[in-house]
Amino acid sequence: MRERGLTGRAIWAPLAAAALSGLVIGALARLLMRGVVLAVGGLTGMSLAGTVAILVAFVVLALPAAVTATARPAIMHAGRWVTAVITGLMAARTGLADAKIIVLADDSQLTPITVLVIAFAAIVVAHGRVAQYLTRRFRALPAARAEALGAPDARPA
């Protein structure tokens with residue numbers, strides 16, 4: 001029965017980590033996107049459908065990193081960079097739609113826009129690392145809790 005618990009953690013930990021990291025990083029990305037629009041003086045409306053689409057995209061894009069969190073180091077790094085590259089490409093494609101706004105921005109608006117773009121790049125790279133960190137924490141959670149209580153495994157053999 002113990003192996004069944006390990007299998008459950010191996011399956012649910014990456015899914016939960018991808019969901020949590022995708023929601024957190026996706027929400028930060030949505031705020032940064034709104035910040036760019038505010039910096040150039042655009043309309044500041046946020047649609048619920050757009051926000052949900054962004055959050056779902058970030059959850060799905062966290063899966064390669066989360067699934068490879070406990071693999072060999074080369075595979076783990078590859079999974080993290082697959083998440084970063086795909087997320088970055090999607091963000092760049094979306095950002096190109098706003099390039100006209102940025103090109104026409106005043107000089108006084110370029111500094112805040114630059115800071116926001118750099119912050120966005122940082123969270124894109126952190127996306128995979130956060131997913132992998134959470135996966136490793138979630139997989140260790142039940143074992144750590146039982147050790148902290150000093151109790152043997154209560155599951156039937």
# chains A, B, ... in the order shown; residues from 1 in each chain; ligands from 1

$ residues_around --residues "Val40 of chain A" --least-positions-apart "6" --cutoff "9 Å" --atoms "only C-alpha atoms" --output "ChimeraX atom specification"
/A:101-102,104-106,109-110,113

$ closest_atom_pairs --of "segment 36-140 of chain A" --to "segment 6-26 of chain A" --cutoff "7 Å" --atoms "only C-alpha atoms" --output "CSV"
residue,atom,partner,partner_atom,distance
A:Ile54,CA,A:Gly26,CA,6.2
A:Leu55,CA,A:Gly26,CA,4.9
A:Phe58,CA,A:Gly22,CA,4.5
A:Val59,CA,A:Gly22,CA,3.8
A:Ala62,CA,A:Ala18,CA,5.0
A:Leu63,CA,A:Ala18,CA,5.4
A:Ala66,CA,A:Pro14,CA,4.8
A:Val67,CA,A:Pro14,CA,5.4
A:Ile123,CA,A:Ile25,CA,6.7
A:His127,CA,A:Ile25,CA,6.4
A:Val130,CA,A:Ser21,CA,6.1
A:Ala131,CA,A:Ser21,CA,5.4
A:Leu134,CA,A:Ala17,CA,5.1
A:Thr135,CA,A:Pro14,CA,5.1
A:Phe138,CA,A:Ala13,CA,5.2
A:Arg139,CA,A:Arg9,CA,5.5

$ atom_distance --atom1 "atom CA of Val52 of chain A" --atom2 "atom CA of Leu31 of chain A"
13.0 Å

$ closest_residue --among "A:Ala49, A:Ala126, A:Ala140, A:Val115" --to "Thr83 of chain A" --atoms "only C-alpha atoms"
A:Ala126

$ closest_residue --among "A:Ser108, A:Val103, A:Arg129, A:Met33" --to "Met46 of chain A" --atoms "only C-alpha atoms"
A:Met33

$ closest_residue --among "A:Asp107, A:Thr87, A:Leu116, A:Ala53" --to "Leu38 of chain A" --atoms "only C-alpha atoms"
A:Leu116

$ closest_residue --among "A:Val125, A:Met90, A:Val56, A:Leu48" --to "His77 of chain A" --atoms "only C-alpha atoms"
A:Val125
